[in-house]
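model_5.cif follows (mmCIF, C-alpha atoms):
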data_entry
#
loop_
_atom_site.label_atom_id
_atom_site.label_comp_id
_atom_site.auth_asym_id
_atom_site.auth_seq_id
_atom_site.Cartn_x
_atom_site.Cartn_y
_atom_site.Cartn_z
CA MET A 1 74.43 34.28 110.55
CA PHE A 2 74.05 37.90 111.60
CA LEU A 3 75.27 37.58 115.16
CA GLY A 4 78.94 37.76 114.26
CA THR A 5 78.48 41.30 113.08
CA LEU A 6 76.58 42.47 116.10
CA THR A 7 77.56 45.30 118.33
CA ASP A 8 75.60 45.15 121.53
CA VAL A 9 73.31 48.04 122.14
CA PRO A 10 74.24 49.88 125.37
CA ARG A 11 71.83 49.12 128.16
CA PRO A 12 69.71 52.13 129.13
CA PRO A 13 70.31 53.51 132.62
CA ALA A 14 69.09 51.10 135.27
CA THR A 15 67.40 53.94 137.07
CA SER A 16 65.06 54.59 134.15
CA ARG A 17 63.07 51.42 134.97
CA ALA A 18 62.16 51.48 131.30
CA VAL A 19 63.82 48.20 130.36
CA ALA A 20 61.61 45.13 130.53
CA PRO A 21 62.92 42.47 132.92
CA ARG A 22 63.51 38.97 131.58
CA SER A 23 60.15 37.78 132.94
CA GLN A 24 58.30 40.47 131.00
CA VAL A 25 60.18 39.62 127.82
CA GLU A 26 59.32 35.95 128.28
CA SER A 27 55.67 36.85 128.87
CA ALA A 28 55.65 38.93 125.71
CA ILE A 29 57.15 36.06 123.71
CA ALA A 30 54.65 33.62 125.21
CA GLY A 31 51.87 36.00 124.23
CA LEU A 32 52.78 36.09 120.55
CA ALA A 33 49.93 34.80 118.42
CA ASP A 34 50.02 33.14 114.99
CA ARG A 35 49.30 36.51 113.43
CA ASP A 36 52.35 38.01 115.17
CA PHE A 37 54.66 35.21 114.03
CA ALA A 38 53.32 35.54 110.49
CA VAL A 39 53.85 39.30 110.51
CA LEU A 40 57.35 38.93 111.91
CA HIS A 41 58.35 36.41 109.27
CA TYR A 42 56.79 38.52 106.52
CA GLU A 43 58.62 41.61 107.79
CA ALA A 44 61.87 39.63 107.95
CA LYS A 45 61.46 38.85 104.24
CA ARG A 46 60.75 42.47 103.43
CA ILE A 47 63.84 43.61 105.33
CA CYS A 48 66.02 41.01 103.59
CA ARG A 49 64.79 42.22 100.20
CA LYS A 50 66.17 45.69 100.98
CA TYR A 51 69.75 44.48 101.16
CA ARG A 52 71.77 43.13 98.27
CA GLU A 53 73.70 40.84 100.59
CA LEU A 54 70.53 39.14 101.76
CA SER A 55 67.75 37.20 100.11
CA PRO A 56 64.22 36.41 101.30
CA ASP A 57 65.53 32.92 102.09
CA ASP A 58 67.51 34.53 104.93
CA ALA A 59 64.33 35.73 106.64
CA GLY A 60 64.19 32.79 109.06
CA ASP A 61 67.79 33.35 110.13
CA LEU A 62 67.21 37.06 110.62
CA LEU A 63 64.15 36.47 112.78
CA GLN A 64 65.98 33.78 114.76
CA ASP A 65 68.86 36.15 115.46
CA ALA A 66 66.46 38.88 116.54
CA PHE A 67 64.74 36.54 118.99
CA GLN A 68 68.10 35.31 120.27
CA ALA A 69 69.42 38.84 120.76
CA VAL A 70 66.34 39.68 122.84
CA ILE A 71 66.38 36.43 124.83
CA GLU A 72 70.06 36.90 125.64
CA ALA A 73 69.37 40.52 126.63
CA ARG A 74 71.72 41.94 124.04
CA ARG A 75 68.82 44.07 122.83
CA TYR A 76 66.68 45.81 125.40
CA TRP A 77 62.96 46.24 125.11
CA GLN A 78 61.44 49.36 126.62
CA PRO A 79 57.69 48.60 126.74
CA ALA A 80 56.76 52.20 127.49
CA ASN A 81 58.27 53.26 124.18
CA VAL A 82 57.30 50.50 121.77
CA ALA A 83 55.12 47.39 121.60
CA PHE A 84 56.87 44.05 121.43
CA VAL A 85 56.26 43.15 117.76
CA PRO A 86 57.38 46.54 116.38
CA PHE A 87 60.37 46.28 118.71
CA LEU A 88 61.33 42.92 117.20
CA ILE A 89 60.93 44.38 113.71
CA GLY A 90 63.28 47.17 114.75
CA VAL A 91 65.81 44.63 116.03
CA MET A 92 65.68 42.82 112.68
CA GLN A 93 66.22 46.09 110.83
CA SER A 94 69.17 46.89 113.04
CA LEU A 95 70.73 43.43 112.65
CA ALA A 96 70.32 43.50 108.88
CA HIS A 97 71.78 47.00 108.70
CA ASN A 98 74.77 45.97 110.82
CA TYR A 99 75.28 42.95 108.60
CA HIS A 100 75.14 45.19 105.55
CA LYS A 101 77.71 47.57 107.05
CA HIS A 102 79.94 44.62 107.92
CA MET A 103 80.01 43.41 104.36
CA LYS A 104 82.75 45.40 102.66
CA GLY A 105 82.24 46.37 99.07
CA SER A 106 78.49 46.35 99.26
CA HIS A 107 76.52 49.25 97.90
CA SER A 108 73.52 51.26 98.90
CA VAL A 109 70.93 49.86 101.28
CA ASN A 110 68.01 51.28 99.37
CA VAL A 111 68.04 49.58 96.01
CA THR A 112 64.56 50.65 95.03
CA TYR A 113 65.39 52.92 92.15
CA GLU A 114 69.08 52.41 91.72
CA HIS A 115 68.83 50.56 88.45
CA GLN A 116 67.19 53.69 87.04
CA LEU A 117 69.85 56.07 88.26
CA PRO A 118 73.17 56.69 86.50
CA PRO A 119 76.12 55.70 88.72
CA SER A 120 78.57 58.40 89.69
CA GLU A 121 82.28 58.14 88.98
CA ASP A 122 83.10 56.60 92.33
CA GLY A 123 80.36 54.02 91.95
CA SER A 124 78.00 55.54 94.49
CA SER A 125 74.43 56.19 93.50
CA ALA A 126 72.86 59.56 92.95
CA VAL A 127 70.89 58.95 96.11
CA ASP A 128 74.12 58.74 98.10
CA LEU A 129 75.23 62.08 96.68
CA ILE A 130 72.04 63.74 97.79
CA ALA A 131 72.43 62.40 101.29
CA VAL A 132 75.79 64.09 101.79
CA GLU A 133 75.60 67.22 103.89
CA GLY A 134 76.93 70.47 102.51
CA HIS A 135 76.49 72.85 99.63
CA ALA A 136 74.88 71.43 96.56
CA SER A 137 77.18 70.99 93.61
CA ALA A 138 75.97 70.96 90.01
CA GLU A 139 75.97 67.14 90.13
CA GLU A 140 73.99 67.15 93.33
CA THR A 141 71.43 69.51 91.86
CA VAL A 142 70.99 67.18 88.90
CA SER A 143 70.73 64.20 91.26
CA ASP A 144 68.25 66.07 93.37
CA LEU A 145 66.09 66.71 90.34
CA GLN A 146 66.37 63.07 89.26
CA GLU A 147 65.39 61.95 92.70
CA LEU A 148 62.45 64.29 92.82
CA SER A 149 61.20 63.04 89.48
CA LEU A 150 61.49 59.43 90.64
CA VAL A 151 59.57 60.16 93.81
CA GLU A 152 56.92 61.97 91.82
CA ALA A 153 56.71 59.05 89.42
CA GLY A 154 56.22 56.72 92.36
CA ILE A 155 53.50 58.91 93.79
CA SER A 156 51.73 58.98 90.41
CA VAL A 157 51.83 55.20 90.12
CA LEU A 158 50.39 54.74 93.58
CA ARG A 159 47.73 57.40 93.06
CA ALA A 160 46.64 55.63 89.88
CA GLN A 161 46.45 52.31 91.72
CA LEU A 162 44.34 53.87 94.45
CA ALA A 163 42.02 55.82 92.14
CA GLN A 164 39.11 53.53 92.93
CA HIS A 165 39.72 53.74 96.68
CA PRO A 166 39.27 57.35 97.86
CA VAL A 167 39.82 56.58 101.54
CA SER A 168 43.05 54.70 100.74
CA LEU A 169 44.12 57.65 98.65
CA ALA A 170 43.37 60.00 101.52
CA ILE A 171 45.54 57.88 103.84
CA PHE A 172 48.33 57.94 101.27
CA ASP A 173 48.08 61.73 100.97
CA GLY A 174 48.26 61.97 104.75
CA LEU A 175 51.44 59.90 104.74
CA LEU A 176 52.96 62.19 102.12
CA GLU A 177 52.21 65.12 104.41
CA GLY A 178 54.24 63.36 107.09
CA LYS A 179 51.29 62.44 109.29
CA GLU A 180 51.06 59.38 111.52
CA LYS A 181 48.33 56.85 110.83
CA LYS A 182 46.57 57.72 114.06
CA GLU A 183 46.46 61.37 113.08
CA ILE A 184 45.19 60.51 109.60
CA ARG A 185 42.45 58.34 111.08
CA GLU A 186 41.36 61.16 113.36
CA ASP A 187 41.37 63.64 110.49
CA LEU A 188 39.27 61.38 108.29
CA ASN A 189 36.85 60.73 111.13
CA ILE A 190 35.72 57.40 109.73
CA ALA A 191 34.81 54.06 111.28
CA TRP A 192 37.66 51.95 112.61
CA THR A 193 36.88 49.07 110.27
CA THR A 194 36.56 51.36 107.26
CA PHE A 195 39.93 52.88 107.96
CA TRP A 196 41.78 49.58 108.25
CA SER A 197 40.07 48.13 105.22
CA ALA A 198 41.21 51.16 103.24
CA ASP A 199 44.68 50.84 104.73
CA ARG A 200 44.75 47.22 103.59
CA HIS A 201 44.15 48.41 100.02
CA LEU A 202 46.93 50.93 100.43
CA THR A 203 49.30 48.32 101.82
CA ARG A 204 48.61 45.99 98.90
CA ALA A 205 49.18 48.85 96.47
CA ILE A 206 52.51 49.69 98.13
CA GLU A 207 53.64 46.08 98.03
CA ALA A 208 52.63 45.77 94.37
CA TYR A 209 54.46 48.99 93.59
CA LYS A 210 57.60 47.79 95.39
CA ARG A 211 57.55 44.55 93.43
CA SER A 212 57.18 46.42 90.15
CA ILE A 213 60.31 48.57 90.46
CA MET B 1 73.25 64.11 107.58
CA LYS B 2 70.56 65.25 105.20
CA VAL B 3 67.93 62.61 104.53
CA SER B 4 67.14 62.25 100.87
CA LYS B 5 63.63 62.72 99.50
CA LYS B 6 63.74 59.24 98.08
CA THR B 7 64.67 57.83 101.46
CA GLN B 8 61.87 59.79 103.11
CA PHE B 9 59.42 58.47 100.53
CA ASP B 10 60.67 54.89 100.88
CA ASP B 11 60.58 55.12 104.66
CA ALA B 12 57.02 56.46 104.59
CA LEU B 13 55.93 53.47 102.50
CA GLU B 14 57.88 50.98 104.63
CA ASN B 15 56.49 52.40 107.85
CA SER B 16 52.98 52.39 106.48
CA VAL B 17 53.15 48.68 105.66
CA ALA B 18 54.68 47.85 109.04
CA ASP B 19 52.07 49.98 110.79
CA PHE B 20 49.25 48.14 109.04
CA LEU B 21 50.70 44.71 109.79
CA THR B 22 51.23 45.42 113.47
CA ASN B 23 48.16 47.52 114.27
CA ALA B 24 45.35 46.46 111.95
CA PRO B 25 42.67 44.06 113.23
CA ASP B 26 43.34 40.34 112.77
CA ASP B 27 40.75 39.91 110.04
CA GLU B 28 42.30 42.68 107.94
CA VAL B 29 45.80 41.23 108.30
CA THR B 30 44.53 37.75 107.49
CA ALA B 31 42.71 39.14 104.43
CA PHE B 32 45.88 40.92 103.36
CA PHE B 33 47.93 37.72 103.47
CA GLN B 34 45.21 35.82 101.62
CA GLU B 35 45.02 38.47 98.91
CA GLU B 36 48.79 38.37 98.60
CA GLY B 37 48.55 34.61 98.08
CA LEU B 38 50.34 33.84 101.34
CA ASP B 39 49.40 31.17 103.85
CA ILE B 40 49.30 32.86 107.24
CA HIS B 41 49.69 29.49 108.99
CA ALA B 42 52.82 28.66 107.01
CA LEU B 43 54.27 32.08 107.79
CA ALA B 44 53.42 31.63 111.47
CA HIS B 45 54.98 28.18 111.45
CA ASN B 46 58.20 29.62 110.03
CA GLY B 47 58.15 32.32 112.69
CA ARG B 48 57.65 29.82 115.50
CA GLU B 49 60.47 27.69 114.13
CA ALA B 50 62.77 30.73 114.17
CA LEU B 51 61.90 31.26 117.83
CA ALA B 52 62.55 27.60 118.64
CA ARG B 53 65.96 27.78 116.96
CA ALA B 54 66.72 30.99 118.85
CA ARG B 55 65.87 29.34 122.16
CA THR B 56 68.08 26.35 121.36
CA ALA B 57 70.94 28.62 120.31
CA ALA B 58 70.53 30.83 123.38
CA ALA B 59 70.51 27.80 125.68
CA GLY B 60 73.64 26.44 124.02
CA SER B 61 75.29 29.80 124.26
CA ALA B 62 74.43 30.10 127.95
CA GLN B 63 75.74 26.60 128.65
CA GLU B 64 78.94 27.35 126.81
CA THR B 65 79.42 30.59 128.70
CA SER B 66 78.69 28.85 131.96
CA SER B 67 81.18 26.07 131.35
CA HIS B 68 83.76 28.54 130.07
CA ASP B 69 83.52 30.72 133.13
CA ALA B 70 82.96 28.02 135.73
CA ASN B 71 85.36 28.45 138.60
CA PRO B 72 86.46 24.97 139.70
CA PHE B 73 87.62 26.45 143.03
CA SER B 74 84.24 27.93 143.89
CA GLY B 75 82.93 24.76 145.52
CA VAL B 76 85.97 24.23 147.71
CA ALA B 77 85.37 25.19 151.34
CA ARG B 78 88.13 26.75 153.41
CA PRO B 79 89.30 23.61 155.30
CA GLU B 80 89.33 21.62 152.09
CA TYR B 81 91.23 24.41 150.40
CA ARG B 82 94.11 24.13 152.89
CA ARG B 83 94.10 20.35 152.55
CA LEU B 84 94.12 20.67 148.76
CA ALA B 85 97.20 22.89 148.91
CA HIS B 86 98.91 20.44 151.25
CA GLU B 87 98.10 17.46 148.99
CA LEU B 88 99.50 19.31 145.97
CA GLY B 89 102.71 20.08 147.86
CA ILE B 90 102.20 23.84 147.81
CA ASN B 91 100.97 26.52 150.23
CA THR B 92 97.66 28.36 150.14
CA MET B 93 99.33 31.53 148.91
CA PHE B 94 100.50 29.77 145.76
CA LEU B 95 97.10 28.08 145.37
CA ASN B 96 95.43 31.50 145.68
CA ARG B 97 97.52 32.84 142.84
CA ILE B 98 96.74 29.82 140.70
CA ARG B 99 93.05 30.28 141.48
CA ASP B 100 93.30 33.95 140.55
CA ARG B 101 94.93 32.96 137.26
CA GLU B 102 98.18 34.75 137.93
CA VAL B 103 100.11 31.79 136.53
CA SER B 104 100.41 31.41 132.77
CA VAL B 105 98.48 28.31 131.78
CA ALA B 106 101.14 27.36 129.25
CA ASP B 107 103.72 27.27 132.02
CA PHE B 108 102.07 24.69 134.28
CA PRO B 109 103.92 21.35 134.55
CA ALA B 110 101.62 18.80 132.92
CA VAL B 111 101.82 16.49 135.90
CA PHE B 112 100.83 19.27 138.29
CA LEU B 113 97.91 20.26 136.09
CA GLU B 114 96.69 16.65 136.11
CA ARG B 115 96.92 16.47 139.89
CA LEU B 116 95.10 19.75 140.31
CA ALA B 117 92.31 18.76 137.90
CA ALA B 118 91.86 15.45 139.69
CA ALA B 119 91.77 17.14 143.10
CA LEU B 120 89.17 19.64 141.89
CA HIS B 121 87.12 16.92 140.14
CA VAL B 122 87.18 18.67 136.78
CA THR B 123 88.63 17.72 133.43
CA ILE B 124 91.99 19.07 132.36
CA VAL B 125 90.26 20.77 129.45
CA ALA B 126 87.87 22.58 131.78
CA LEU B 127 90.69 23.54 134.12
CA ARG B 128 92.84 24.81 131.26
CA ARG B 129 89.90 26.85 130.00
CA TYR B 130 89.42 28.45 133.40
CA LEU B 131 93.10 29.14 133.86
CA SER B 132 93.28 30.69 130.38
CA LEU B 133 90.91 33.48 131.36
CA PRO B 134 92.47 36.86 132.26
CA PRO B 135 93.75 37.27 135.82
CA ALA B 136 90.94 38.29 138.14
CA PRO B 137 90.29 38.78 141.84
CA PRO B 138 88.24 36.04 143.50
CA ILE B 139 84.49 36.41 143.21
CA GLY B 140 82.54 36.35 146.46
CA GLY B 141 83.64 36.68 150.00
CA MET B 142 84.95 33.21 150.63
CA PHE B 143 88.53 34.29 150.67
CA GLN B 144 88.15 37.78 152.00
CA SER B 145 91.21 39.73 153.00
CA ASP B 146 91.72 42.90 154.96
CA SER B 147 93.69 44.38 152.10
CA LYS B 148 92.30 45.55 148.81
CA PRO B 149 92.49 42.79 146.18
CA VAL B 150 95.15 43.33 143.56
CA VAL B 151 94.57 42.06 140.05
CA ALA B 152 97.70 40.90 138.28
CA ALA B 153 98.34 42.71 135.00
CA GLU B 154 99.19 39.44 133.29
CA ALA B 155 99.94 35.84 134.13
CA THR B 156 103.54 35.03 134.95
CA SER B 157 105.65 31.87 135.02
CA PHE B 158 104.81 28.95 137.26
CA GLU B 159 108.22 28.86 138.91
CA ALA B 160 108.37 32.61 139.49
CA VAL B 161 104.99 32.67 141.22
CA ALA B 162 105.95 29.59 143.23
CA ARG B 163 109.10 31.31 144.48
CA GLU B 164 107.24 34.54 145.25
CA SER B 165 104.77 32.48 147.25
CA GLY B 166 107.56 31.20 149.46
CA LEU B 167 108.06 27.69 148.10
CA SER B 168 111.58 26.31 148.39
CA GLU B 169 113.57 25.15 145.38
CA GLU B 170 113.13 21.59 146.57
CA GLN B 171 109.34 22.01 146.78
CA ILE B 172 109.24 23.57 143.32
CA LYS B 173 111.33 20.74 141.87
CA ARG B 174 108.85 18.18 143.21
CA LEU B 175 105.99 19.90 141.42
CA PHE B 176 107.54 18.88 138.12
CA GLU B 177 107.88 15.22 139.11
#
Represent the structure contained in this file as structure tokens.
Amino acid sequence: MFLGTLTDVPRPPATSRAVAPRSQVESAIAGLADRDFAVLHYEAKRICRKYRELSPDDAGDLLQDAFQAVIEARRYWQPANVAFVPFLIGVMQSLAHNYHKHMKGSHSVNVTYEHQLPPSEDGSSAVDLIAVEGHASAEETVSDLQELSLVEAGISVLRAQLAQHPVSLAIFDGLLEGKEKKEIREDLNIAWTTFWSADRHLTRAIEAYKRSI
Amino acid sequence: MKVSKKTQFDDALENSVADFLTNAPDDEVTAFFQEEGLDIHALAHNGREALARARTAAAGSAQETSSHDANPFSGVARPEYRRLAHELGINTMFLNRIRDREVSVADFPAVFLERLAAALHVTIVALRRYLSLPPAPPIGGMFQSDSKPVVAAEATSFEAVARESGLSEEQIKRLFE
């Protein structure tokens, strides 16, 4: 369903040797475990939820198209840059985004808070106004403030949810500071299992928060 | 373009979830799905089915491409090629230009197209499909020439190409019979 809107991604230079040959792609596919397939399908659903034109029922089609694009070498995997499962998630994001762009008359990709924001005269959301480069107008300043308050509200909700989980809260704070998970883990200097257990709590809190808005 | 604070916040949350799902140990991911009330085996089954459908679609696509692009002349060796031209009542120069799709497919006499398809052991549909592709130089070195290959800008009429190839009016007339 998404393939008709696809623009092939240009192949990286052959001299870079960074692109996985077909045999390596096939090996990576053959090496996918149940956990990987489950994660991919779950991620497909999450991606579909982000777009008004898609529903979670489209997740199977989106994942199928991502696999097909990779098998047919229309999307190139560079193993040195990204592992195979995150690469496939990226392909799904790209396909869904292209599909969204293809659908004329659709609105913003990020629908998270839009129902809370007043629409502008041209129908675009306040978020869209903020994303436009240039000097801030009075409207933009108002939108900026609205946006900031919404982000702060989101942070407060998540902090409250994580109040009983100090390590999860510390990971969340690290994310807000723009740190990578690896960096946060090193900063916290805690056991591997403790970190991921705390990250599981954080992930559940994020998913609950996303469902609530 | 300036990235909004909301987008940055949303992206941070999205990336965090994806990071956990792809990097956390199996038992943590399994526990996550269980706590979310999701059956990891059902999710995996759906994922595997998506892959199976992708493989089927890719195979079908490859087959279609292959049949679309198949050159019915590619299996014809040089001696046979001359004989083929003779049997069709044309010369090799005209056959070359047909092979290189310099003749508009819509302009072929039906009877000639049938004869050519039969001689090449392909269906008329397959032959039409091949001849409908844009003009192109021959692939491979089977029909190498000392001169640089010239690709026709567009296909031209059957009769015009026949005349340019040196066929007489009488020979051309017979191609329509």
Among the residues A:Ser197, A:His41, A:Ala153, A:Leu176, the one that comes closest to B:Phe9 [using only C-alpha atoms]: A:Leu176
Reference answer for the PyMOL selection byres ((chain B) within 7 of (chain A)), as a ChimeraX atom specification: /B:1-6,9,12-13,17,20-22,24,28,32,40,43-44,46-48,50-51,53-55,58
For C-alpha atoms, I'd like the residues from the last selection saved as a short mmCIF file (atom, residue, chain, number, x, y, z; two decimals), in the coordinates of the input.
data_model
loop_
_atom_site.label_atom_id
_atom_site.label_comp_id
_atom_site.auth_asym_id
_atom_site.auth_seq_id
_atom_site.Cartn_x
_atom_site.Cartn_y
_atom_site.Cartn_z
CA MET B 1 73.25 64.11 107.58
CA LYS B 2 70.56 65.25 105.20
CA VAL B 3 67.93 62.61 104.53
CA SER B 4 67.14 62.25 100.87
CA LYS B 5 63.63 62.72 99.50
CA LYS B 6 63.74 59.24 98.08
CA PHE B 9 59.42 58.47 100.53
CA ALA B 12 57.02 56.46 104.59
CA LEU B 13 55.93 53.47 102.50
CA VAL B 17 53.15 48.68 105.66
CA PHE B 20 49.25 48.14 109.04
CA LEU B 21 50.70 44.71 109.79
CA THR B 22 51.23 45.42 113.47
CA ALA B 24 45.35 46.46 111.95
CA GLU B 28 42.30 42.68 107.94
CA PHE B 32 45.88 40.92 103.36
CA ILE B 40 49.30 32.86 107.24
CA LEU B 43 54.27 32.08 107.79
CA ALA B 44 53.42 31.63 111.47
CA ASN B 46 58.20 29.62 110.03
CA GLY B 47 58.15 32.32 112.69
CA ARG B 48 57.65 29.82 115.50
CA ALA B 50 62.77 30.73 114.17
CA LEU B 51 61.90 31.26 117.83
CA ARG B 53 65.96 27.78 116.96
CA ALA B 54 66.72 30.99 118.85
CA ARG B 55 65.87 29.34 122.16
CA ALA B 58 70.53 30.83 123.38
#
Close residues, stretch 72-84 of chain B itself excluded, 9 Å, all atoms listed in the file, min 2 positions apart in chain, as an NGL selection string: :B and (70 or 86-92 or 95 or 99 or 116-117 or 119-122 or 126-127 or 130 or 139-140 or 142-143)
Separation of atom CA of A:Gln93 from atom CA of A:Tyr51 in Å: 10.4 Å
Pairwise distance for atom CA of B:Gln34 and atom CA of A:Ala205, rounded to one decimal in Å: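 About the pair atom CA of B:Gln34 and atom CA of A:Ala205: they are 14.6 Å apart.
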Point-to-point distance in Å for atom CA of A:Pro79 and atom CA of A:Ala20: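 A separation of 6.5 Å between them.
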Ref. answer, residues at most 10 Å from (102.7, 32.0, 137.2) with only C-alpha atoms, as an mmCIF file with C-alpha atoms, in the frame of the given file:
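Once everything was written out, this is point.cif:
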data_model
loop_
_atom_site.group_PDB
_atom_site.id
_atom_site.type_symbol
_atom_site.label_atom_id
_atom_site.label_comp_id
_atom_site.auth_asym_id
_atom_site.auth_seq_id
_atom_site.Cartn_x
_atom_site.Cartn_y
_atom_site.Cartn_z
ATOM 1 C CA PHE B 94 100.500 29.770 145.760
ATOM 2 C CA ARG B 97 97.520 32.840 142.840
ATOM 3 C CA ILE B 98 96.740 29.820 140.700
ATOM 4 C CA ARG B 101 94.930 32.960 137.260
ATOM 5 C CA GLU B 102 98.180 34.750 137.930
ATOM 6 C CA VAL B 103 100.110 31.790 136.530
ATOM 7 C CA SER B 104 100.410 31.410 132.770
ATOM 8 C CA VAL B 105 98.480 28.310 131.780
ATOM 9 C CA ALA B 106 101.140 27.360 129.250
ATOM 10 C CA ASP B 107 103.720 27.270 132.020
ATOM 11 C CA PHE B 108 102.070 24.690 134.280
ATOM 12 C CA GLU B 154 99.190 39.440 133.290
ATOM 13 C CA ALA B 155 99.940 35.840 134.130
ATOM 14 C CA THR B 156 103.540 35.030 134.950
ATOM 15 C CA SER B 157 105.650 31.870 135.020
ATOM 16 C CA PHE B 158 104.810 28.950 137.260
ATOM 17 C CA GLU B 159 108.220 28.860 138.910
ATOM 18 C CA ALA B 160 108.370 32.610 139.490
ATOM 19 C CA VAL B 161 104.990 32.670 141.220
ATOM 20 C CA ALA B 162 105.950 29.590 143.230
ATOM 21 C CA ARG B 163 109.100 31.310 144.480
ATOM 22 C CA GLU B 164 107.240 34.540 145.250
#
Please return the centre and edge lengths, in Å to one decimal, of a box with edges along x, y and z that contains all listed atoms of stretch 72-83 of chain B, widened by 8 Å on every side, as lines of an AutoDock Vina configuration file.
center_x = 88.5
center_y = 24.1
center_z = 147.5
size_x = 27.2
size_y = 23.6
size_z = 31.6
Residue with smallest distance to B:Asp10 - pool A:Tyr209, A:Leu88, A:Glu183, A:Ser143, counting all atoms listed in the file: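 Of all the options, A:Tyr209 lies closest to B:Asp10.
Closest approach to A:Asn81 among A:Val19, A:Leu145, A:Val25, A:Ala163 is made by A:Val19 (distances from only C-alpha atoms).
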From B:Glu177, B:Asp19, B:Glu114, B:Glu35, residue lying nearest B:Arg128 [only C-alpha atoms]: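 Between B:Glu177, B:Asp19, B:Glu114, B:Glu35, the residue approaching B:Arg128 most closely is B:Glu114.
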Nearest to A:Ala191 by atom-to-atom distance, counting all atoms listed in the file, from A:Val91, A:Ile213, A:Ala73, A:Val167: A:Val167
